[in-house]
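Below is the file upload-v2.txt, which contains compact mmCIF, C-alpha atoms.
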```txt
# COMPACT_ATOMS: atom_id res chain seq x y z
CA MET A 17 15.50 -43.20 -20.31
CA ALA A 18 18.00 -42.04 -17.72
CA ARG A 19 21.64 -42.30 -18.78
CA ASN A 20 23.20 -45.46 -17.52
CA LYS A 21 25.88 -44.65 -14.99
CA HIS A 22 27.66 -47.91 -15.72
CA PRO A 23 28.33 -48.12 -19.45
CA GLU A 24 30.31 -51.37 -19.08
CA GLU A 25 27.20 -53.02 -17.63
CA THR A 26 25.15 -51.74 -20.56
CA VAL A 27 27.68 -53.15 -23.01
CA HIS A 28 27.74 -56.43 -21.10
CA LEU A 29 23.93 -56.62 -21.23
CA ILE A 30 23.79 -55.82 -24.96
CA LEU A 31 26.39 -58.47 -25.76
CA THR A 32 24.72 -61.10 -23.59
CA VAL A 33 21.35 -60.53 -25.22
CA ALA A 34 22.85 -60.31 -28.72
CA PHE A 35 24.83 -63.51 -28.24
CA ARG A 36 21.74 -65.39 -27.09
CA LEU A 37 19.72 -64.13 -30.04
CA PHE A 38 22.51 -64.88 -32.56
CA MET A 39 22.62 -68.41 -31.19
CA GLU A 40 18.88 -68.92 -31.14
CA LYS A 41 17.88 -67.21 -34.39
CA GLY A 42 21.15 -67.00 -36.24
CA TYR A 43 23.11 -63.80 -36.86
CA GLU A 44 21.52 -63.18 -40.25
CA HIS A 45 18.00 -63.42 -38.86
CA THR A 46 18.60 -61.19 -35.84
CA SER A 47 17.90 -57.48 -36.28
CA ILE A 48 19.01 -54.60 -34.10
CA GLN A 49 15.30 -54.24 -33.26
CA ASP A 50 15.21 -57.84 -31.97
CA ILE A 51 18.07 -57.02 -29.65
CA ILE A 52 16.32 -53.87 -28.42
CA ASP A 53 13.09 -55.82 -27.84
CA HIS A 54 14.97 -58.14 -25.49
CA LEU A 55 16.84 -55.38 -23.65
CA GLY A 56 13.91 -54.17 -21.61
CA ARG A 57 14.45 -50.53 -20.65
CA LEU A 58 17.23 -49.84 -23.11
CA SER A 59 16.57 -47.54 -26.09
CA LYS A 60 17.85 -47.80 -29.67
CA GLY A 61 19.94 -44.70 -28.95
CA ALA A 62 21.66 -46.48 -26.08
CA ILE A 63 22.72 -49.33 -28.38
CA TYR A 64 23.98 -46.99 -31.09
CA HIS A 65 25.88 -45.08 -28.43
CA HIS A 66 28.05 -48.17 -28.00
CA PHE A 67 27.86 -49.94 -31.36
CA LYS A 68 27.74 -48.49 -34.86
CA SER A 69 26.07 -51.53 -36.42
CA LYS A 70 25.00 -55.14 -35.98
CA GLU A 71 28.37 -56.16 -37.47
CA ASP A 72 30.03 -54.13 -34.71
CA ILE A 73 28.07 -56.07 -32.09
CA LEU A 74 29.13 -59.33 -33.73
CA VAL A 75 32.80 -58.39 -33.51
CA ALA A 76 32.39 -57.56 -29.81
CA VAL A 77 30.51 -60.80 -29.17
CA ILE A 78 33.36 -62.78 -30.75
CA ASP A 79 35.97 -60.79 -28.85
CA ARG A 80 34.22 -61.65 -25.62
CA MET A 81 33.96 -65.31 -26.63
CA THR A 82 37.67 -65.58 -27.32
CA ALA A 83 38.77 -63.22 -24.51
CA GLU A 84 38.81 -65.86 -21.78
CA SER A 85 40.82 -68.28 -23.86
CA ASN A 86 43.19 -65.54 -25.07
CA GLN A 87 43.81 -64.24 -21.54
CA MET A 88 44.83 -67.73 -20.48
CA LEU A 89 47.14 -68.00 -23.49
CA VAL A 90 48.76 -64.61 -22.86
CA LYS A 91 49.33 -65.41 -19.19
CA ILE A 92 51.08 -68.66 -20.04
CA ARG A 93 53.01 -67.21 -23.00
CA ASP A 94 54.42 -64.39 -20.87
CA CYS A 95 55.14 -66.21 -17.63
CA SER A 96 58.77 -66.78 -16.72
CA GLY A 97 60.43 -69.88 -15.32
CA LEU A 98 58.82 -72.34 -17.76
CA SER A 99 60.33 -73.88 -20.88
CA GLY A 100 58.40 -73.73 -24.15
CA LYS A 101 57.36 -77.35 -23.77
CA GLU A 102 56.19 -76.76 -20.19
CA LYS A 103 54.08 -73.86 -21.43
CA LEU A 104 52.35 -76.05 -24.03
CA LYS A 105 51.73 -78.58 -21.30
CA ARG A 106 50.27 -75.86 -19.09
CA ILE A 107 47.89 -74.84 -21.90
CA PHE A 108 46.72 -78.43 -22.28
CA LYS A 109 46.22 -78.67 -18.51
CA GLU A 110 44.25 -75.46 -18.20
CA SER A 111 42.06 -76.57 -21.10
CA ILE A 112 41.02 -79.83 -19.48
CA ASN A 113 40.46 -78.10 -16.15
CA ARG A 114 37.95 -75.70 -17.62
CA PRO A 115 34.42 -76.88 -16.87
CA VAL A 116 33.14 -79.01 -19.75
CA GLN A 117 29.72 -77.53 -19.48
CA ASN A 118 29.05 -73.97 -18.49
CA ASP A 119 26.29 -71.43 -18.87
CA ILE A 120 27.18 -70.62 -22.42
CA PHE A 121 26.73 -74.22 -23.51
CA THR A 122 23.29 -74.51 -21.95
CA VAL A 123 22.10 -72.08 -24.63
CA ALA A 124 22.57 -75.05 -26.93
CA PRO A 125 24.43 -72.89 -29.42
CA ASP A 126 24.30 -74.00 -32.99
CA PHE A 127 27.05 -72.74 -35.21
CA HIS A 128 25.39 -74.48 -38.14
CA ASN A 129 23.08 -71.49 -38.21
CA ASN A 130 25.84 -69.02 -37.53
CA PRO A 131 28.28 -69.27 -40.39
CA LYS A 132 29.43 -65.70 -39.86
CA LEU A 133 30.26 -66.27 -36.20
CA LEU A 134 32.00 -69.56 -36.97
CA CYS A 135 34.00 -68.08 -39.84
CA SER A 136 35.24 -65.18 -37.71
CA LEU A 137 36.20 -67.54 -34.91
CA LEU A 138 38.07 -69.85 -37.29
CA TYR A 139 40.11 -67.15 -39.01
CA ASP A 140 40.73 -65.37 -35.69
CA THR A 141 42.17 -68.60 -34.31
CA MET A 142 44.39 -69.31 -37.30
CA GLU A 143 45.50 -65.81 -38.25
CA GLU A 144 45.60 -64.02 -34.90
CA ALA A 145 45.77 -66.43 -31.98
CA ALA A 146 48.14 -69.03 -33.49
CA PRO A 147 50.88 -66.57 -34.57
CA ASN A 148 50.47 -64.31 -31.51
CA TYR A 149 50.12 -66.80 -28.66
CA ILE A 150 51.31 -70.26 -29.67
CA LEU A 151 54.10 -69.46 -32.14
CA PRO A 152 56.15 -67.43 -29.59
CA ILE A 153 55.90 -70.35 -27.14
CA ILE A 154 57.14 -72.80 -29.76
CA GLU A 155 59.94 -70.44 -30.75
CA GLN A 156 60.95 -70.18 -27.11
CA GLY A 157 60.90 -73.99 -26.92
CA ILE A 158 63.16 -74.26 -29.98
CA ALA A 159 65.56 -71.76 -28.41
CA ASP A 160 65.63 -73.47 -24.99
CA GLY A 161 65.86 -76.93 -26.58
CA SER A 162 62.58 -78.27 -25.15
CA ILE A 163 60.79 -78.37 -28.54
CA LYS A 164 62.21 -79.71 -31.77
CA THR A 165 60.52 -78.73 -35.02
CA ASP A 166 61.41 -77.28 -38.39
CA TYR A 167 57.85 -76.01 -38.83
CA PRO A 168 56.96 -73.77 -35.88
CA GLU A 169 54.25 -71.77 -37.71
CA GLN A 170 52.43 -74.88 -38.92
CA MET A 171 52.69 -76.61 -35.56
CA ALA A 172 51.24 -73.51 -33.86
CA GLU A 173 48.34 -73.45 -36.31
CA LEU A 174 47.56 -77.13 -35.97
CA ILE A 175 47.71 -77.17 -32.18
CA LEU A 176 45.30 -74.25 -31.95
CA LEU A 177 43.00 -75.53 -34.69
CA VAL A 178 42.60 -78.70 -32.70
CA ALA A 179 42.39 -77.11 -29.24
CA ASN A 180 40.22 -74.09 -30.03
CA VAL A 181 38.08 -75.29 -32.90
CA TRP A 182 37.83 -79.09 -32.87
CA MET A 183 37.73 -79.43 -29.09
CA ASN A 184 35.41 -76.42 -28.72
CA PRO A 185 32.01 -77.84 -27.72
CA MET A 186 30.34 -74.67 -28.97
CA ILE A 187 31.45 -75.53 -32.50
CA PHE A 188 31.24 -79.31 -32.40
CA SER A 189 28.92 -80.28 -29.59
CA SER A 190 30.55 -82.98 -27.48
CA SER A 191 29.37 -85.03 -24.56
CA ALA A 192 31.81 -85.34 -21.64
CA GLU A 193 32.89 -88.72 -23.01
CA GLU A 194 33.51 -87.32 -26.48
CA SER A 195 35.49 -84.46 -24.93
CA TYR A 196 37.58 -87.02 -23.06
CA ARG A 197 38.22 -88.94 -26.25
CA LYS A 198 39.18 -85.80 -28.13
CA PHE A 199 41.66 -84.89 -25.38
CA MET A 200 43.23 -88.33 -25.62
CA VAL A 201 43.64 -88.02 -29.39
CA PHE A 202 45.01 -84.50 -28.96
CA GLY A 203 47.56 -85.95 -26.52
CA GLN A 204 48.58 -88.55 -29.11
CA MET A 205 48.95 -85.85 -31.75
CA MET A 206 51.22 -83.89 -29.42
CA GLN A 207 53.26 -87.03 -28.87
CA GLY A 208 53.74 -87.15 -32.64
CA PHE A 209 55.33 -83.72 -32.29
CA GLY A 210 57.72 -85.12 -29.68
CA LEU A 211 55.68 -83.43 -26.97
CA ASP A 212 54.87 -85.85 -24.20
CA ILE A 213 52.55 -83.58 -22.27
CA VAL A 214 49.95 -85.86 -20.69
CA ASP A 215 50.89 -86.68 -17.09
CA GLY A 216 49.22 -88.72 -14.33
CA GLU A 217 47.32 -85.77 -12.92
CA MET A 218 45.84 -84.97 -16.33
CA LEU A 219 44.89 -88.58 -16.92
CA GLU A 220 43.09 -88.55 -13.58
CA ARG A 221 41.15 -85.45 -14.60
CA LEU A 222 40.36 -87.03 -17.97
CA GLN A 223 39.07 -90.14 -16.25
CA GLU A 224 36.97 -87.94 -13.98
CA LEU A 225 35.43 -86.35 -17.07
CA ALA A 226 34.67 -89.77 -18.49
CA SER A 227 33.02 -90.91 -15.25
CA ILE A 228 30.86 -87.78 -15.12
CA TYR A 229 29.60 -88.84 -18.49
CA GLN A 230 29.00 -92.42 -17.44
CA LYS A 231 26.92 -91.24 -14.48
CA SER A 232 24.91 -88.85 -16.61
CA LYS A 233 23.98 -91.76 -18.88
CA GLN A 234 22.45 -93.82 -16.03
CA MET M 23 15.47 -69.41 -75.81
CA ALA M 24 15.66 -72.86 -77.29
CA ARG M 25 15.61 -75.73 -74.80
CA ASN M 26 19.07 -76.92 -74.06
CA LYS M 27 19.57 -80.45 -75.30
CA HIS M 28 22.29 -81.07 -72.72
CA PRO M 29 20.90 -80.28 -69.28
CA GLU M 30 24.09 -81.50 -67.55
CA GLU M 31 26.05 -78.87 -69.47
CA THR M 32 23.58 -76.21 -68.39
CA VAL M 33 23.94 -77.27 -64.77
CA HIS M 34 27.71 -77.32 -65.12
CA LEU M 35 27.66 -73.79 -66.56
CA ILE M 36 25.35 -72.46 -63.84
CA LEU M 37 27.51 -73.93 -61.09
CA THR M 38 30.74 -72.65 -62.62
CA VAL M 39 29.37 -69.14 -62.93
CA ALA M 40 27.75 -69.25 -59.48
CA PHE M 41 30.94 -70.52 -57.86
CA ARG M 42 32.98 -67.74 -59.43
CA LEU M 43 30.50 -65.09 -58.31
CA PHE M 44 30.23 -66.50 -54.78
CA MET M 45 34.00 -66.35 -54.55
CA GLU M 46 34.32 -62.87 -56.01
CA LYS M 47 31.35 -61.14 -54.39
CA GLY M 48 30.49 -63.45 -51.52
CA TYR M 49 27.44 -65.70 -51.36
CA GLU M 50 25.36 -63.15 -49.45
CA HIS M 51 26.00 -60.44 -52.04
CA THR M 52 25.31 -62.57 -55.10
CA SER M 53 21.73 -62.57 -56.40
CA ILE M 54 20.12 -65.02 -58.78
CA GLN M 55 19.97 -62.06 -61.18
CA ASP M 56 23.78 -61.67 -60.95
CA ILE M 57 24.16 -65.29 -61.95
CA ILE M 58 21.77 -64.86 -64.88
CA ASP M 59 23.61 -61.72 -66.03
CA HIS M 60 26.79 -63.79 -66.31
CA LEU M 61 25.18 -66.74 -68.05
CA GLY M 62 24.82 -65.11 -71.45
CA ARG M 63 22.00 -66.78 -73.32
CA LEU M 64 20.42 -68.52 -70.36
CA SER M 65 17.06 -67.33 -69.01
CA LYS M 66 15.83 -67.09 -65.43
CA GLY M 67 13.43 -69.94 -66.25
CA ALA M 68 16.34 -72.17 -67.24
CA ILE M 69 17.96 -71.65 -63.86
CA TYR M 70 14.75 -72.29 -61.95
CA HIS M 71 14.23 -75.40 -64.04
CA HIS M 72 17.32 -76.85 -62.33
CA PHE M 73 17.47 -75.05 -58.98
CA LYS M 74 14.68 -73.97 -56.67
CA SER M 75 16.68 -71.23 -54.96
CA LYS M 76 20.07 -69.63 -54.45
CA GLU M 77 20.52 -71.87 -51.41
CA ASP M 78 19.93 -74.84 -53.72
CA ILE M 79 22.70 -73.62 -56.02
CA LEU M 80 25.00 -73.25 -53.01
CA VAL M 81 24.41 -76.86 -51.98
CA ALA M 82 25.22 -78.04 -55.51
CA VAL M 83 28.35 -75.86 -55.65
CA ILE M 84 29.59 -77.40 -52.40
CA ASP M 85 28.72 -80.91 -53.57
CA ARG M 86 30.79 -80.34 -56.68
CA MET M 87 33.66 -78.92 -54.61
CA THR M 88 33.77 -81.95 -52.36
CA ALA M 89 32.89 -84.52 -55.04
CA GLU M 90 36.44 -84.99 -56.31
CA SER M 91 37.83 -85.49 -52.84
CA ASN M 92 34.93 -87.77 -51.84
CA GLN M 93 35.30 -89.92 -54.97
CA MET M 94 38.94 -90.47 -54.12
CA LEU M 95 37.99 -91.39 -50.54
CA VAL M 96 35.28 -93.83 -51.62
CA LYS M 97 37.59 -95.51 -54.09
CA ILE M 98 40.23 -96.08 -51.45
CA ARG M 99 37.75 -97.03 -48.72
CA ASP M 100 36.16 -99.71 -50.89
CA CYS M 101 39.22 -101.16 -52.59
CA SER M 102 40.25 -104.65 -51.58
CA GLY M 103 43.72 -105.99 -50.84
CA LEU M 104 44.85 -103.11 -48.64
CA SER M 105 44.98 -102.97 -44.85
CA GLY M 106 43.36 -100.06 -43.03
CA LYS M 107 46.74 -98.46 -42.45
CA GLU M 108 47.69 -98.85 -46.11
CA LYS M 109 44.45 -97.13 -47.08
CA LEU M 110 45.24 -94.13 -44.87
CA LYS M 111 48.67 -94.03 -46.45
CA ARG M 112 47.10 -94.13 -49.90
CA ILE M 113 44.89 -91.17 -48.98
CA PHE M 114 47.89 -89.19 -47.83
CA LYS M 115 49.72 -90.09 -51.04
CA GLU M 116 46.87 -89.13 -53.34
CA SER M 117 46.54 -85.84 -51.49
CA ILE M 118 50.15 -84.80 -52.06
CA ASN M 119 50.00 -85.92 -55.66
CA ARG M 120 47.08 -83.64 -56.43
CA PRO M 121 48.31 -80.48 -58.11
CA VAL M 122 48.91 -77.80 -55.52
CA GLN M 123 47.51 -75.16 -57.80
CA ASN M 124 44.69 -75.74 -60.19
CA ASP M 125 42.09 -73.71 -62.01
CA ILE M 126 39.90 -73.34 -58.99
CA PHE M 127 42.67 -71.73 -56.97
CA THR M 128 43.44 -69.17 -59.66
CA VAL M 129 40.07 -67.59 -58.87
CA ALA M 130 41.83 -66.50 -55.67
CA PRO M 131 38.88 -67.66 -53.60
CA ASP M 132 38.38 -65.93 -50.31
CA PHE M 133 36.41 -67.88 -47.76
CA HIS M 134 36.69 -64.91 -45.41
CA ASN M 135 33.84 -63.44 -47.43
CA ASN M 136 32.01 -66.74 -47.70
CA PRO M 137 31.10 -67.82 -44.21
CA LYS M 138 28.15 -69.82 -45.47
CA LEU M 139 30.27 -71.82 -47.91
CA LEU M 140 33.00 -72.39 -45.33
CA CYS M 141 30.52 -73.44 -42.67
CA SER M 142 28.87 -76.00 -44.96
CA LEU M 143 32.23 -77.38 -45.98
CA LEU M 144 33.40 -77.67 -42.37
CA TYR M 145 30.29 -79.47 -41.08
CA ASP M 146 30.15 -81.65 -44.21
CA THR M 147 33.70 -82.75 -43.53
CA MET M 148 33.16 -83.50 -39.86
CA GLU M 149 29.65 -84.91 -39.90
CA GLU M 150 29.47 -86.64 -43.29
CA ALA M 151 32.89 -87.34 -44.72
CA ALA M 152 34.70 -88.36 -41.51
CA PRO M 153 32.14 -90.96 -40.35
CA ASN M 154 31.39 -92.21 -43.87
CA TYR M 155 34.84 -92.42 -45.45
CA ILE M 156 37.58 -92.36 -42.82
CA LEU M 157 35.92 -94.13 -39.90
CA PRO M 158 35.27 -97.36 -41.86
CA ILE M 159 38.93 -97.43 -42.90
CA ILE M 160 40.09 -97.01 -39.31
CA GLU M 161 37.65 -99.70 -38.16
CA GLN M 162 39.00 -102.02 -40.82
CA GLY M 163 42.51 -101.23 -39.59
CA ILE M 164 41.55 -102.05 -36.01
CA ALA M 165 40.06 -105.36 -37.19
CA ASP M 166 43.07 -106.32 -39.34
CA GLY M 167 45.53 -105.16 -36.64
CA SER M 168 47.21 -102.46 -38.74
CA ILE M 169 45.78 -99.57 -36.70
CA LYS M 170 45.65 -99.34 -32.91
CA THR M 171 43.32 -96.83 -31.33
CA ASP M 172 40.59 -96.69 -28.71
CA TYR M 173 39.12 -93.60 -30.35
CA PRO M 174 38.33 -94.37 -33.99
CA GLU M 175 35.61 -91.69 -34.38
CA GLN M 176 37.84 -88.93 -33.02
CA MET M 177 40.83 -90.04 -35.03
CA ALA M 178 38.72 -90.03 -38.19
CA GLU M 179 37.49 -86.52 -37.45
CA LEU M 180 40.91 -85.13 -36.69
CA ILE M 181 42.59 -86.67 -39.74
CA LEU M 182 39.97 -85.22 -42.05
CA LEU M 183 39.84 -81.84 -40.30
CA VAL M 184 43.55 -81.54 -40.93
CA ALA M 185 43.58 -82.98 -44.47
CA ASN M 186 40.41 -81.39 -45.86
CA VAL M 187 40.19 -78.13 -43.97
CA TRP M 188 43.60 -77.07 -42.68
CA MET M 189 45.53 -78.31 -45.73
CA ASN M 190 42.88 -77.01 -48.15
CA PRO M 191 44.46 -74.02 -49.90
CA MET M 192 40.99 -72.75 -50.75
CA ILE M 193 40.29 -72.23 -47.05
CA PHE M 194 43.73 -71.27 -45.81
CA SER M 195 45.73 -69.99 -48.76
CA SER M 196 49.12 -71.66 -48.80
CA SER M 197 52.19 -71.24 -50.95
CA ALA M 198 53.82 -74.46 -52.19
CA GLU M 199 56.33 -74.17 -49.35
CA GLU M 200 53.61 -73.76 -46.75
CA SER M 201 51.78 -76.75 -48.24
CA TYR M 202 54.97 -78.78 -47.94
CA ARG M 203 55.37 -77.74 -44.31
CA LYS M 204 51.77 -78.59 -43.54
CA PHE M 205 52.21 -82.07 -45.06
CA MET M 206 55.29 -82.65 -42.91
CA VAL M 207 53.41 -81.66 -39.75
CA PHE M 208 50.47 -83.84 -40.84
CA GLY M 209 52.93 -86.73 -41.20
CA GLN M 210 54.21 -86.11 -37.67
CA MET M 211 50.66 -86.07 -36.34
CA MET M 212 49.99 -89.41 -38.01
CA GLN M 213 53.14 -90.76 -36.41
CA GLY M 214 51.66 -89.76 -33.06
CA PHE M 215 48.78 -92.08 -33.96
CA GLY M 216 51.25 -94.89 -34.56
CA LEU M 217 50.81 -94.45 -38.29
CA ASP M 218 54.14 -94.21 -40.00
CA ILE M 219 52.82 -93.34 -43.43
CA VAL M 220 55.43 -91.08 -45.00
CA ASP M 221 57.74 -93.08 -47.26
CA GLY M 222 60.68 -92.18 -49.48
CA GLU M 223 58.54 -91.62 -52.56
CA MET M 224 56.31 -89.20 -50.70
CA LEU M 225 59.27 -87.33 -49.27
CA GLU M 226 60.60 -86.96 -52.80
CA ARG M 227 57.29 -85.50 -53.93
CA LEU M 228 57.25 -83.19 -50.93
CA GLN M 229 60.74 -81.98 -51.74
CA GLU M 230 59.64 -81.43 -55.32
CA LEU M 231 56.83 -79.23 -54.05
CA ALA M 232 59.27 -77.27 -51.92
CA SER M 233 61.62 -76.76 -54.86
CA ILE M 234 58.77 -75.55 -57.07
CA TYR M 235 58.21 -72.92 -54.44
CA GLN M 236 61.88 -71.99 -54.24
CA LYS M 237 62.00 -71.49 -58.00
CA SER M 238 58.84 -69.39 -58.01
CA LYS M 239 60.51 -67.06 -55.49
CA GLN M 240 63.51 -66.34 -57.72
```
Mind turning this structure into structure tokens?
Amino acid sequence: MARNKHPEETVHLILTVAFRLFMEKGYEHTSIQDIIDHLGRLSKGAIYHHFKSKEDILVAVIDRMTAESNQMLVKIRDCSGLSGKEKLKRIFKESINRPVQNDIFTVAPDFHNNPKLLCSLLYDTMEEAAPNYILPIIEQGIADGSIKTDYPEQMAELILLVANVWMNPMIFSSSAEESYRKFMVFGQMMQGFGLDIVDGEMLERLQELASIYQKSKQ
Amino acid sequence: MARNKHPEETVHLILTVAFRLFMEKGYEHTSIQDIIDHLGRLSKGAIYHHFKSKEDILVAVIDRMTAESNQMLVKIRDCSGLSGKEKLKRIFKESINRPVQNDIFTVAPDFHNNPKLLCSLLYDTMEEAAPNYILPIIEQGIADGSIKTDYPEQMAELILLVANVWMNPMIFSSSAEESYRKFMVFGQMMQGFGLDIVDGEMLERLQELASIYQKSKQ
């Protein structure tokens, strides 16, 4: 096989195929050979050029899964001109504006068969994302007076557990209506933290989500 | 080997040994033979008399792990003379009165190495325990006027996700102080749901937990 001139495309292809197979067959039941069989022209050597092992591919698949969400979090965490509370509100807003269904979800992923993927995602969220992205925002909010809490670490963990795990339709499959209902309960939870972050515009978007669901039922 | 006259003791022994090995080595890296090697006098036949496979043992281990918590939930769900809100309060109370550390935790379990166990526990909580134990309590509360929500299913899920997963020191290891902080944040979340369930007695217990931690640090 000719050397691929665009290694990033090769990596992208490997991860896309691997993700689909992990979802369909489960990580444990997918072999490197399965991935190769679905890669068309690509040789075993080409895979091993980029990834040392199947575990290595898994880590990259998870990184790609969380990358979009993490980029959004970093952007909001580091932007200037917003209070801590406004940043949390922005995170909530961006979350409900993401499309409820996208290509990834049409794979009908089933984390029930992917304990390894789920476990990595869960601990990543709680041990990496919460302290690195949400905690600094809450600490800023405490400093600027917009957030009041004696338990910033725990609040960061809980907010992200709810937003990234519970409200993640890849982990707990949700119809548009269920997503809407989860957002409403999330909003109530935030209110319990003294964070009134649901505004009229968000409610409108939430109602739009609910009506999409109603139509799809007809 | 002589037939065991007390099969329930045999099962108990198998599950205790299996649980310890799953925790120490990880489910994937524990073989039936490993379990036998740690069972002393027990033969392979004795194991297969009770369990068809390693997967079967895993299911029983998880059932035993969740049994204590589920028994408590059933008892509260089915008791008479309490409103829905009072039942949720009772659950919160029983949770903080459970010892923070017990024998199981001294194994220093690491769910990082037990994705399969963690995954089962998570989906059990969300798909079995929440609809079967918490949802009926919330529905009772809506009927008796003590709980106000338009989203009983989602509230049930979120309460149990927080109580059984996030506050479970087997999943996310927590010092006594961290447990105390998590309980406080849980209480604030409940307040967001209009459920003012933390009373003076509970606060006292929470402060006791915090002081246990302070002493252990000295």
Interface, chain M side, toward chain A (9 Å; only C-alpha atoms) as a ChimeraX atom specification: /M:133-142,145,148,172-173,175-177,179-180,183-184,188,194,200,203-204,206-216
Length of the CA of Asp140 (chain A) to CA of Ala159 (chain A) vector [Å]: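 Taking CA of Asp140 (chain A) as the start and CA of Ala159 (chain A) as the end point, the length is 26.7 Å.
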Neighbours of point (22.7, -69.9, -31.7) within 7 Å, using only C-alpha atoms, written as a list in words: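 Those within range, by chain then number, are Arg36, Leu37, Phe38, Met39, Glu40, Lys41, Gly42, Pro125, Asp126, Phe127, Asn129 and Asn130 of chain A.
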All residues 8 Å or closer to region 58-73 of chain M, only C-alpha atoms, same chain fewer than 6 positions away omitted, as JSON, numbers by chain: {"M": [23, 33, 35, 36, 39, 79]}
Go ahead and write the residues just picked, C-alpha atoms, as a tab-separated table (two decimals), in the coordinates of the input.
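Resulting contents of again-v3.tsv:
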```
chain	number	residue	atom	x	y	z
M	23	MET	CA	15.47	-69.41	-75.81
M	33	VAL	CA	23.94	-77.27	-64.77
M	35	LEU	CA	27.66	-73.79	-66.56
M	36	ILE	CA	25.35	-72.46	-63.84
M	39	VAL	CA	29.37	-69.14	-62.93
M	79	ILE	CA	22.70	-73.62	-56.02
```
Straight-line distance linking CA of Gln49 (chain A) with CA of Met81 (chain A), stated in Å to one decimal: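 Between these atoms lies a distance of 22.7 Å.
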For CA of Pro152 (chain A) and CA of Thr82 (chain A), the interatomic separation in Å (one decimal):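 Separation between CA of Pro152 (chain A) and CA of Thr82 (chain A): 18.7 Å.
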Among listed residues A:Gly157, A:Gly216, A:Pro23, A:Pro185, nearest Ser99 (chain A) (using all atoms listed in the file):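 Counting all atoms listed in the file, the residue closest to Ser99 (chain A) is A:Gly157.
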